[in-house]
file upload-v4.txt (compact mmCIF, C-alpha atoms)
# COMPACT_ATOMS: atom_id res chain seq x y z
CA MET P 1 -25.65 -58.10 -10.89
CA ASN P 2 -24.23 -54.87 -12.18
CA LEU P 3 -21.48 -53.82 -9.75
CA LEU P 4 -20.48 -50.73 -11.70
CA PRO P 5 -22.70 -48.27 -9.75
CA PHE P 6 -21.38 -49.62 -6.44
CA PHE P 7 -17.84 -49.45 -7.78
CA LYS P 8 -18.33 -45.84 -8.88
CA GLU P 9 -19.95 -44.95 -5.54
CA GLY P 10 -17.01 -46.50 -3.69
CA ILE P 11 -14.52 -44.51 -5.70
CA LEU P 12 -16.51 -41.32 -5.12
CA LYS P 13 -16.75 -41.88 -1.38
CA GLY P 14 -13.07 -42.78 -1.18
CA SER P 15 -12.10 -39.69 -3.15
CA MET P 16 -14.25 -37.47 -0.99
CA ALA P 17 -12.75 -38.97 2.16
CA PHE P 18 -9.24 -38.38 0.82
CA ILE P 19 -10.06 -34.77 -0.06
CA LEU P 20 -11.54 -34.18 3.39
CA LEU P 21 -8.45 -35.72 4.98
CA LEU P 22 -6.17 -33.43 2.98
CA ALA P 23 -8.29 -30.41 3.90
CA ALA P 24 -8.22 -31.36 7.56
CA SER P 25 -4.45 -31.86 7.42
CA GLU P 26 -3.96 -28.47 5.78
CA CYS P 27 -6.21 -26.90 8.42
CA ILE P 28 -4.19 -28.47 11.22
CA LEU P 29 -0.93 -27.32 9.64
CA ALA P 30 -2.31 -23.82 9.16
CA GLN P 31 -3.59 -23.62 12.72
CA GLY P 32 -0.24 -24.83 14.00
CA PHE P 33 1.83 -22.40 11.96
CA TYR P 34 2.26 -20.00 14.85
CA THR P 35 2.47 -22.63 17.56
CA THR P 36 5.01 -25.17 16.28
CA THR P 37 7.75 -23.53 18.35
CA PRO P 38 7.26 -23.62 22.14
CA PRO P 39 5.82 -20.33 23.40
CA PRO P 40 7.86 -18.11 25.71
CA THR P 41 7.85 -19.09 29.36
CA THR P 42 7.51 -15.46 30.42
CA ALA P 43 5.09 -12.71 29.51
CA ARG P 44 5.85 -10.23 26.76
CA PRO P 45 8.21 -7.52 28.07
CA SER P 46 6.61 -4.23 29.00
CA LEU P 47 6.34 -1.49 26.39
CA ASP P 48 8.83 0.61 28.34
CA VAL P 49 11.43 -2.18 28.20
CA LEU P 50 10.71 -2.88 24.53
CA ARG P 51 11.03 0.80 23.68
CA ALA P 52 14.28 1.23 25.61
CA THR P 53 15.74 -1.77 23.79
CA LEU P 54 14.44 -0.73 20.38
CA LEU P 55 16.07 2.70 20.62
CA ASN P 56 19.43 1.52 21.94
CA GLY P 57 21.46 -1.02 20.01
CA ASN P 58 23.69 -1.58 23.05
CA LYS P 59 20.81 -2.56 25.33
CA ASN P 60 19.98 -6.27 25.06
CA PRO P 61 22.22 -6.39 21.96
CA GLY P 62 21.31 -9.98 21.10
CA TYR P 63 17.58 -9.32 21.10
CA VAL P 64 15.98 -9.03 17.65
CA PHE P 65 12.34 -7.94 17.52
CA LEU P 66 9.79 -10.18 15.80
CA ALA P 67 7.47 -8.02 13.69
CA LEU P 68 4.58 -9.98 12.20
CA HIS P 69 3.92 -9.04 8.58
CA ARG P 70 0.33 -7.88 7.93
CA ALA P 71 -0.48 -9.37 11.35
CA ALA P 72 -1.20 -13.12 11.69
CA TRP P 73 -2.57 -14.06 8.28
CA ILE P 74 -0.78 -17.25 7.17
CA ASP P 75 -3.47 -19.48 8.64
CA GLY P 76 -6.62 -18.68 6.68
CA THR P 77 -7.19 -15.35 8.42
CA PRO P 78 -7.38 -12.35 6.07
CA GLU P 79 -4.32 -10.10 6.08
CA ASN P 80 -4.67 -6.75 7.86
CA SER P 81 -7.93 -7.84 9.50
CA ALA P 82 -9.02 -7.30 13.09
CA ALA P 83 -8.87 -11.08 13.59
CA ALA P 84 -5.29 -11.17 12.29
CA VAL P 85 -4.23 -8.31 14.57
CA THR P 86 -5.86 -10.05 17.54
CA LYS P 87 -4.09 -13.35 16.80
CA ALA P 88 -0.76 -11.57 16.47
CA ALA P 89 -1.33 -9.67 19.70
CA ASN P 90 -2.11 -12.91 21.53
CA ASN P 91 1.16 -14.53 20.39
CA ARG P 92 3.71 -13.69 23.10
CA ASN P 93 6.57 -14.24 20.66
CA VAL P 94 5.44 -11.15 18.73
CA ASP P 95 6.93 -7.78 19.70
CA MET P 96 5.48 -5.76 16.81
CA ILE P 97 2.53 -6.03 14.47
CA GLU P 98 3.18 -4.53 11.04
CA ILE P 99 0.07 -3.30 9.23
CA ASP P 100 -0.62 -1.38 6.02
CA ILE P 101 -3.04 1.50 5.95
CA LYS P 102 -4.98 3.59 3.45
CA THR P 103 -7.42 6.52 3.64
CA SER P 104 -11.00 6.44 2.35
CA LYS P 105 -12.48 9.15 0.18
CA ASP P 106 -14.08 10.71 3.26
CA GLY P 107 -10.95 10.57 5.44
CA LYS P 108 -11.23 7.32 7.41
CA VAL P 109 -7.91 5.53 7.99
CA TYR P 110 -8.23 1.78 7.54
CA LEU P 111 -6.12 -1.35 7.13
CA MET P 112 -5.32 -2.32 3.52
CA HIS P 113 -2.12 -3.24 1.71
CA ASP P 114 -2.89 -2.77 -1.98
CA ASP P 115 -3.82 0.50 -3.64
CA TYR P 116 -6.78 -1.37 -5.15
CA LEU P 117 -9.46 -3.48 -3.49
CA GLN P 118 -9.86 -6.42 -5.88
CA ARG P 119 -7.27 -8.84 -4.48
CA THR P 120 -8.19 -8.72 -0.80
CA THR P 121 -11.99 -8.18 -0.89
CA ASN P 122 -15.14 -9.21 -2.76
CA PHE P 123 -15.07 -5.88 -4.59
CA LEU P 124 -15.55 -7.47 -8.03
CA ASP P 125 -18.74 -9.16 -6.83
CA MET P 126 -20.08 -5.96 -5.28
CA TYR P 127 -19.33 -3.85 -8.36
CA PRO P 128 -19.55 -6.34 -11.26
CA ASN P 129 -20.87 -3.98 -13.92
CA THR P 130 -18.13 -1.40 -13.78
CA TYR P 131 -15.07 -2.29 -15.79
CA GLY P 132 -11.69 -0.80 -15.09
CA THR P 133 -9.22 -0.04 -17.84
CA GLY P 134 -6.08 0.25 -15.74
CA LYS P 135 -6.14 4.01 -16.26
CA ASP P 136 -9.19 4.87 -14.17
CA ASN P 137 -10.08 4.68 -10.47
CA TYR P 138 -12.11 1.46 -10.56
CA GLY P 139 -11.28 -0.33 -7.30
CA LYS P 140 -8.82 2.30 -6.10
CA ALA P 141 -8.85 2.23 -2.30
CA SER P 142 -8.83 6.01 -1.88
CA GLU P 143 -11.84 6.56 -4.16
CA TYR P 144 -14.49 4.88 -1.99
CA SER P 145 -16.28 6.17 1.08
CA TRP P 146 -16.04 4.39 4.40
CA ASP P 147 -19.72 3.45 4.06
CA GLU P 148 -18.94 1.70 0.76
CA LEU P 149 -15.88 0.01 2.22
CA THR P 150 -17.81 -1.39 5.20
CA ARG P 151 -19.97 -3.41 2.79
CA LEU P 152 -17.01 -5.42 1.55
CA ARG P 153 -15.82 -8.78 2.92
CA LEU P 154 -12.17 -9.71 3.17
CA LYS P 155 -10.56 -12.67 1.42
CA ASN P 156 -7.82 -14.84 2.90
CA GLU P 157 -4.62 -15.97 1.17
CA GLU P 158 -6.52 -18.80 -0.53
CA LYS P 159 -8.81 -16.13 -2.05
CA THR P 160 -11.71 -17.51 -0.01
CA TYR P 161 -14.31 -15.05 1.26
CA THR P 162 -14.61 -14.66 5.01
CA ASN P 163 -16.98 -12.78 7.28
CA GLU P 164 -14.21 -10.34 8.23
CA LYS P 165 -14.75 -6.70 7.32
CA ILE P 166 -12.15 -4.00 6.71
CA PRO P 167 -11.06 -2.57 10.11
CA LEU P 168 -10.19 0.99 10.99
CA LEU P 169 -6.74 1.94 12.26
CA GLN P 170 -8.45 2.80 15.56
CA ASP P 171 -9.57 -0.84 15.87
CA ALA P 172 -5.98 -2.06 15.54
CA ILE P 173 -4.79 0.54 18.05
CA THR P 174 -7.35 -0.66 20.60
CA ILE P 175 -6.25 -4.29 20.20
CA ALA P 176 -2.52 -3.46 20.41
CA LYS P 177 -2.99 -1.24 23.45
CA GLY P 178 -4.79 -4.00 25.33
CA ALA P 179 -2.01 -6.49 24.55
CA GLY P 180 0.97 -4.21 25.22
CA VAL P 181 2.49 -4.77 21.77
CA PHE P 182 3.99 -2.33 19.26
CA LEU P 183 1.98 -1.44 16.17
CA GLN P 184 4.10 -0.55 13.14
CA LEU P 185 2.45 1.50 10.38
CA ASP P 186 3.49 1.02 6.75
CA ILE P 187 2.25 4.14 4.91
CA ASN P 188 2.84 4.89 1.23
CA ASP P 189 1.19 8.27 0.66
CA ASP P 190 1.32 11.68 2.30
CA ARG P 191 -2.42 12.02 2.87
CA THR P 192 -2.54 8.75 4.82
CA PHE P 193 0.57 9.71 6.79
CA GLN P 194 -1.14 12.93 7.87
CA GLU P 195 -4.48 11.30 8.65
CA ALA P 196 -2.82 8.44 10.55
CA MET P 197 -0.91 10.96 12.63
CA LYS P 198 -4.25 12.53 13.60
CA VAL P 199 -5.74 9.15 14.58
CA VAL P 200 -2.73 8.22 16.72
CA LYS P 201 -2.72 11.68 18.29
CA SER P 202 -6.43 11.44 19.13
CA ALA P 203 -5.90 7.98 20.64
CA ASP P 204 -2.84 9.19 22.57
CA ALA P 205 -1.05 6.09 21.27
CA PHE P 206 2.45 7.30 20.36
CA ALA P 207 3.89 5.16 23.16
CA PHE P 208 3.25 2.00 21.14
CA VAL P 209 2.43 3.06 17.55
CA MET P 210 5.51 3.37 15.35
CA PHE P 211 5.80 5.27 12.07
CA LYS P 212 8.29 4.60 9.29
CA GLY P 213 8.92 5.83 5.76
CA ASN P 214 11.21 7.33 3.14
CA LYS P 215 10.78 10.90 4.37
CA THR P 216 13.67 13.32 4.68
CA PRO P 217 13.95 15.60 7.72
CA ASN P 218 12.33 18.46 5.79
CA GLN P 219 9.48 16.20 4.66
CA PHE P 220 8.86 14.82 8.13
CA THR P 221 9.03 18.10 10.07
CA PRO P 222 5.58 19.48 9.04
CA TYR P 223 3.88 16.39 10.51
CA PHE P 224 6.12 16.46 13.56
CA ASN P 225 5.27 20.10 14.28
CA LEU P 226 1.58 19.24 14.66
CA LEU P 227 2.34 17.32 17.86
CA THR P 228 2.51 18.50 21.43
CA GLU P 229 5.89 18.53 23.13
CA ALA P 230 5.01 15.38 25.06
CA GLN P 231 3.98 13.61 21.85
CA LYS P 232 7.17 14.70 20.10
CA LYS P 233 9.13 12.97 22.85
CA GLN P 234 7.09 9.79 22.44
CA ILE P 235 6.85 9.34 18.68
CA ILE P 236 9.02 6.74 16.97
CA PHE P 237 9.85 7.29 13.31
CA ALA P 238 12.22 4.96 11.46
CA PRO P 239 13.51 6.41 8.16
CA PHE P 240 13.97 3.97 5.28
CA ILE P 241 17.48 3.49 3.93
CA LYS P 242 16.88 2.54 0.29
CA PRO P 243 18.96 2.49 -2.89
CA ASP P 244 16.88 5.46 -4.10
CA SER P 245 16.88 7.47 -0.83
CA THR P 246 17.33 11.07 -1.92
CA PRO P 247 18.38 13.69 0.66
CA ASP P 248 16.92 17.17 1.02
CA GLY P 249 18.27 19.53 -1.63
CA ALA P 250 19.37 16.73 -3.96
CA THR P 251 17.96 15.41 -7.21
CA THR P 252 19.81 12.09 -7.28
CA PRO P 253 19.78 9.22 -4.76
CA ASP P 254 22.42 9.21 -2.05
CA PRO P 255 21.53 6.88 0.84
CA MET P 256 24.60 7.85 2.88
CA LYS P 257 23.87 11.57 2.63
CA PHE P 258 20.20 10.83 3.43
CA TYR P 259 21.31 9.07 6.61
CA GLU P 260 23.79 11.82 7.52
CA GLN P 261 21.07 14.46 7.21
CA TRP P 262 18.93 12.54 9.68
CA GLU P 263 21.83 12.21 12.10
CA SER P 264 22.42 15.96 11.82
CA TRP P 265 18.73 16.54 12.64
CA ARG P 266 19.16 14.29 15.66
CA LYS P 267 22.08 16.31 16.99
CA THR P 268 20.01 19.47 16.68
CA ASN P 269 17.00 17.85 18.39
CA PRO P 270 18.44 15.54 21.08
CA ALA P 271 15.25 15.48 23.18
CA TYR P 272 13.30 13.49 20.57
CA THR P 273 15.00 10.13 20.88
CA GLY P 274 12.41 8.19 18.88
CA VAL P 275 12.82 10.19 15.67
CA ALA P 276 15.52 8.44 13.62
CA GLY P 277 16.23 6.47 16.77
CA LEU P 278 16.50 3.46 14.48
CA TYR P 279 16.33 2.81 10.73
CA GLU P 280 14.83 0.28 8.33
CA MET P 281 17.06 -1.11 5.59
CA VAL P 282 15.36 -1.68 2.25
CA PHE P 283 17.34 -3.76 -0.24
CA ARG P 284 16.88 -6.74 -2.52
CA LEU P 285 20.25 -7.61 -4.00
CA PRO P 286 23.72 -8.38 -2.62
CA SER P 287 24.95 -5.68 -4.99
CA ASP P 288 23.01 -2.96 -3.13
CA THR P 289 26.27 -2.01 -1.45
CA ASN P 290 25.38 1.68 -1.13
CA VAL P 291 22.64 0.66 1.31
CA LEU P 292 24.68 -2.00 3.09
CA GLN P 293 27.46 0.53 3.76
CA VAL P 294 24.92 2.80 5.47
CA GLY P 295 23.73 -0.15 7.50
CA GLU P 296 27.24 -0.73 8.77
CA LYS P 297 27.52 2.91 9.81
CA ILE P 298 24.17 2.76 11.62
CA ARG P 299 25.31 -0.28 13.56
CA ALA P 300 28.62 1.40 14.43
CA GLY P 301 26.64 4.33 15.82
CA GLY P 302 24.92 2.09 18.36
CA LYS P 303 21.50 2.08 16.69
CA ARG P 304 19.23 -0.69 15.57
CA LEU P 305 18.47 -1.63 12.01
CA GLY P 306 15.21 -3.27 10.95
CA ILE P 307 14.23 -4.96 7.72
CA PHE P 308 11.25 -6.24 5.75
CA SER P 309 12.11 -9.90 5.23
CA ALA P 310 8.84 -11.48 4.21
CA GLN P 311 9.25 -13.81 1.26
CA PRO P 312 9.05 -11.75 -1.95
CA GLU P 313 5.68 -11.93 -3.67
CA TYR P 314 5.74 -12.87 -7.33
CA TYR P 315 2.07 -13.72 -7.77
CA ARG P 316 -0.15 -11.81 -10.12
CA GLY P 317 -2.77 -10.28 -7.88
CA ARG P 318 -2.46 -6.54 -7.51
CA TYR P 319 -5.02 -4.76 -9.60
CA ILE P 320 -5.18 -1.48 -11.42
CA GLY P 321 -8.76 -1.32 -12.59
CA ASN P 322 -9.35 -4.83 -13.93
CA VAL P 323 -5.74 -5.20 -15.03
CA ASN P 324 -4.01 -7.90 -13.00
CA ILE P 325 -0.39 -6.91 -12.51
CA ASN P 326 2.63 -8.48 -10.85
CA GLN P 327 3.02 -7.69 -7.18
CA CYS P 328 6.76 -7.10 -7.44
CA CYS P 329 10.12 -8.51 -8.12
CA ALA P 330 9.21 -10.58 -11.16
CA ASN P 331 12.57 -10.07 -12.89
CA ASN P 332 15.35 -12.37 -11.64
CA PRO P 333 13.57 -13.27 -8.37
CA GLU P 334 16.37 -15.69 -7.51
CA ASN P 335 18.59 -12.67 -6.74
CA ASP P 336 16.18 -11.25 -4.16
CA ARG P 337 17.77 -11.95 -0.79
CA ARG P 338 15.22 -10.41 1.59
CA GLY P 339 13.87 -13.81 2.56
CA ASP P 340 17.36 -15.17 3.32
CA PHE P 341 17.88 -14.87 7.08
CA ASP P 342 21.57 -15.82 6.82
CA PHE P 343 22.12 -12.97 4.38
CA ILE P 344 20.16 -10.25 6.18
CA LEU P 345 21.97 -11.00 9.45
CA ALA P 346 25.37 -10.85 7.74
CA PRO P 347 25.05 -9.36 4.24
CA ASN P 348 27.96 -10.42 2.06
CA ASN P 349 29.37 -12.13 5.18
CA ASN P 350 29.57 -8.84 7.07
CA LYS P 351 27.66 -9.21 10.34
CA ASN P 352 28.50 -5.61 11.27
CA ALA P 353 26.15 -4.47 8.50
CA GLY P 354 23.42 -6.96 9.39
CA ILE P 355 20.09 -6.63 11.10
CA ASN P 356 20.04 -6.13 14.88
CA GLY P 357 16.66 -4.42 15.29
CA TYR P 358 13.49 -5.98 13.95
CA ILE P 359 12.61 -8.44 11.22
CA ILE P 360 9.21 -8.14 9.53
CA THR P 361 8.34 -11.67 8.54
CA ASP P 362 5.65 -14.26 7.89
CA GLU P 363 8.08 -17.02 8.86
CA VAL P 364 7.58 -17.16 12.63
CA THR P 365 8.98 -20.65 12.95
CA THR P 366 12.08 -19.75 10.93
CA PHE P 367 12.57 -16.61 12.98
CA LEU P 368 12.45 -18.51 16.27
CA GLU P 369 14.85 -21.13 14.94
CA PHE P 370 17.39 -18.34 14.36
CA PHE P 371 16.64 -16.74 17.74
CA PRO P 372 15.62 -19.60 20.07
CA ASN P 373 16.69 -17.95 23.34
CA ARG P 374 15.70 -14.32 23.02
CA VAL P 375 16.23 -12.67 26.39
CA ILE P 376 15.37 -9.09 27.21
CA GLN P 377 16.06 -7.36 30.52

call {"tool": "encode", "arguments": {"input": "upload-v4.txt", "output": "structure tokens"}}
result
Amino acid sequence: MNLLPFFKEGILKGSMAFILLLAASECILAQGFYTTTPPPTTARPSLDVLRATLLNGNKNPGYVFLALHRAAWIDGTPENSAAAVTKAANNRNVDMIEIDIKTSKDGKVYLMHDDYLQRTTNFLDMYPNTYGTGKDNYGKASEYSWDELTRLRLKNEEKTYTNEKIPLLQDAITIAKGAGVFLQLDINDDRTFQEAMKVVKSADAFAFVMFKGNKTPNQFTPYFNLLTEAQKKQIIFAPFIKPDSTPDGATTPDPMKFYEQWESWRKTNPAYTGVAGLYEMVFRLPSDTNVLQVGEKIRAGGKRLGIFSAQPEYYRGRYIGNVNINQCCANNPENDRRGDFDFILAPNNNKNAGINGYIITDEVTTFLEFFPNRVIQ
């Protein structure tokens, strides 16, 4: 009797069972990513309490805000999707949901991180016969109409297609409003900043939608002046403090002068407490002392300081045309300290320059290990 076929079949079945077991284990781990730490025993604080704490470093001084990076996407859910925003909103640990937005060719504001569509969608399958050179607009997010964008499906972090479609900013606003959670907008171009301001204004959502960016007072004022007086008193705008922050009237970076200009604007406009009511520190290296010194001054002034602390991304996956480029930080990644919670809370062992506002992170479990007893009153 030839036992070889049975032997081969047994190996095949055993291998398949092992693969299925691994897949199931990974699924369980992924599903449990946001639930491994016990959930809060109380409901999420009200928006009024969160806002009062966010804009006053002396109120609930030990409370650091958890801002979920690109919503809840480290579990097989596509980043910046409606499903991801919903999952983040339903997690009572989460105080803020950070999302990235772009503007379509016909003016629709939607959720998308990259400037190009290839990494996060099935764009290459939908447009297979058009080849980008890296110098044209093939796949560029701003070059497609909303009708074209609605035909795309989103991919998750495993690059697997899902049934999720690209959502509008309005969709995210509706979800956040229903959950009573802050929505933080990461915007990288002026057109999207302007269009997003219109969407938030139309939705009357300035009470819980937060803007941030590298704008100087002179650059921010034209957008600010489009608002009603009531909206001006509601809007929150956190200026970035970066190594290359360049103040109005200057041609070279000066983060300290950039910060001082904003504080001067604040003294002239005391009614608008949300504008430069807090700042976001943007650094990568321990040697970015010009930024860390500003952070110390911000803390001394009684304000909160936030940070983007998601693990740096070194994968190749951002596209320009069909050219697959590095996301960021490929040179000497071991020096990048943004993902080091010990460092960002006390950079160069100076806790007075550390983060006391919000931390934008994918590492929910790590965050809650550092802040196991967050209490807000």

call {"tool": "residues_near_point", "arguments": {"input": "upload-v4.txt", "point": "(-6.7, 2.8, 8.0)", "cutoff": "10 Å", "atoms": "all atoms listed in the file", "output": "PyMOL selection string"}}
result
chain P and resi 80+99-104+107-113+166-172+185+187+192+195-196+199

call {"tool": "closest_atom_pairs", "arguments": {"input": "upload-v4.txt", "of": "region 119-234 of chain P", "to": "region 294-309 of chain P", "cutoff": "12 Å", "atoms": "all atoms listed in the file", "output": "tab-separated table"}}
result
residue	atom	partner	partner_atom	distance
P:Gln184	CA	P:Gly306	CA	11.6
P:Asp186	CA	P:Phe308	CA	10.7
P:Lys212	CA	P:Gly306	CA	10.6

call {"tool": "atom_distance", "arguments": {"input": "upload-v4.txt", "atom1": "CA of Arg337 (chain P)", "atom2": "CA of Leu50 (chain P)"}}
result
27.8 Å

call {"tool": "atom_distance", "arguments": {"input": "upload-v4.txt", "atom1": "CA of Asn348 (chain P)", "atom2": "CA of Thr251 (chain P)"}}
result
29.2 Å

call {"tool": "residues_around", "arguments": {"input": "upload-v4.txt", "residues": "Asp204 (chain P)", "least_positions_apart": "5", "cutoff": "12 Å", "atoms": "all atoms listed in the file", "output": "list in words"}}
result
Gln170, Ile173, Thr174, Lys177, Met197, Lys198, Val199, Val209, Leu227, Thr228, Ala230, Gln231, Lys232, Gln234 and Ile235 of chain P

call {"tool": "closest_residue", "arguments": {"input": "upload-v4.txt", "among": "P:Asp95, P:Glu363, P:Asp288, P:Glu158", "to": "Leu54 (chain P)", "atoms": "only C-alpha atoms"}}
result
P:Asp95

call {"tool": "atom_distance", "arguments": {"input": "upload-v4.txt", "atom1": "CA of Thr365 (chain P)", "atom2": "CA of Asn58 (chain P)"}}
result
26.1 Å

call {"tool": "residues_around", "arguments": {"input": "upload-v4.txt", "residues": "Ala179 (chain P)", "least_positions_apart": "3", "cutoff": "8 Å", "atoms": "all atoms listed in the file", "output": "list in words"}}
result
Ala89, Asn90, Ile175 and Ala176 of chain P

call {"tool": "build_atoms", "arguments": {"input": "upload-v4.txt", "residues": "region 174-182 of chain P", "atoms": "all heavy atoms", "output": "compact mmCIF listing (two decimals), in the coordinates of the input"}}
result
# COMPACT_ATOMS: atom_id res chain seq x y z
N THR P 174 -6.69 -0.16 19.39
CA THR P 174 -7.35 -0.66 20.60
C THR P 174 -6.86 -2.06 20.95
O THR P 174 -6.59 -2.35 22.13
CB THR P 174 -8.87 -0.68 20.39
OG1 THR P 174 -9.33 0.66 20.13
CG2 THR P 174 -9.59 -1.21 21.61
N ILE P 175 -6.72 -2.92 19.96
CA ILE P 175 -6.25 -4.29 20.20
C ILE P 175 -4.81 -4.28 20.70
O ILE P 175 -4.47 -4.95 21.68
CB ILE P 175 -6.36 -5.13 18.91
CG1 ILE P 175 -7.82 -5.27 18.50
CG2 ILE P 175 -5.72 -6.50 19.11
CD1 ILE P 175 -8.02 -5.81 17.09
N ALA P 176 -3.94 -3.51 20.03
CA ALA P 176 -2.52 -3.46 20.41
C ALA P 176 -2.34 -2.88 21.80
O ALA P 176 -1.51 -3.37 22.59
CB ALA P 176 -1.74 -2.64 19.38
N LYS P 177 -3.11 -1.87 22.12
CA LYS P 177 -2.99 -1.24 23.45
C LYS P 177 -3.33 -2.25 24.54
O LYS P 177 -2.63 -2.33 25.57
CB LYS P 177 -3.91 -0.03 23.54
CG LYS P 177 -3.81 0.71 24.87
CD LYS P 177 -4.69 1.95 24.87
CE LYS P 177 -4.55 2.72 26.18
NZ LYS P 177 -5.40 3.94 26.20
N GLY P 178 -4.38 -3.03 24.33
CA GLY P 178 -4.79 -4.00 25.33
C GLY P 178 -3.78 -5.11 25.53
O GLY P 178 -3.68 -5.69 26.62
N ALA P 179 -2.98 -5.39 24.47
CA ALA P 179 -2.01 -6.49 24.55
C ALA P 179 -0.61 -6.02 24.94
O ALA P 179 0.25 -6.85 25.25
CB ALA P 179 -1.95 -7.21 23.21
N GLY P 180 -0.36 -4.71 24.91
CA GLY P 180 0.97 -4.21 25.22
C GLY P 180 1.99 -4.56 24.17
O GLY P 180 3.13 -4.96 24.48
N VAL P 181 1.61 -4.43 22.89
CA VAL P 181 2.49 -4.77 21.77
C VAL P 181 2.63 -3.56 20.86
O VAL P 181 1.71 -2.73 20.77
CB VAL P 181 1.93 -5.98 21.00
CG1 VAL P 181 0.60 -5.66 20.33
CG2 VAL P 181 2.93 -6.52 19.99
N PHE P 182 3.78 -3.43 20.19
CA PHE P 182 3.99 -2.33 19.26
C PHE P 182 3.18 -2.54 17.98
O PHE P 182 3.03 -3.66 17.50
CB PHE P 182 5.47 -2.20 18.88
CG PHE P 182 6.24 -1.31 19.80
CD1 PHE P 182 7.06 -1.85 20.77
CD2 PHE P 182 6.17 0.07 19.70
CE1 PHE P 182 7.79 -1.04 21.62
CE2 PHE P 182 6.89 0.89 20.54
CZ PHE P 182 7.70 0.34 21.52
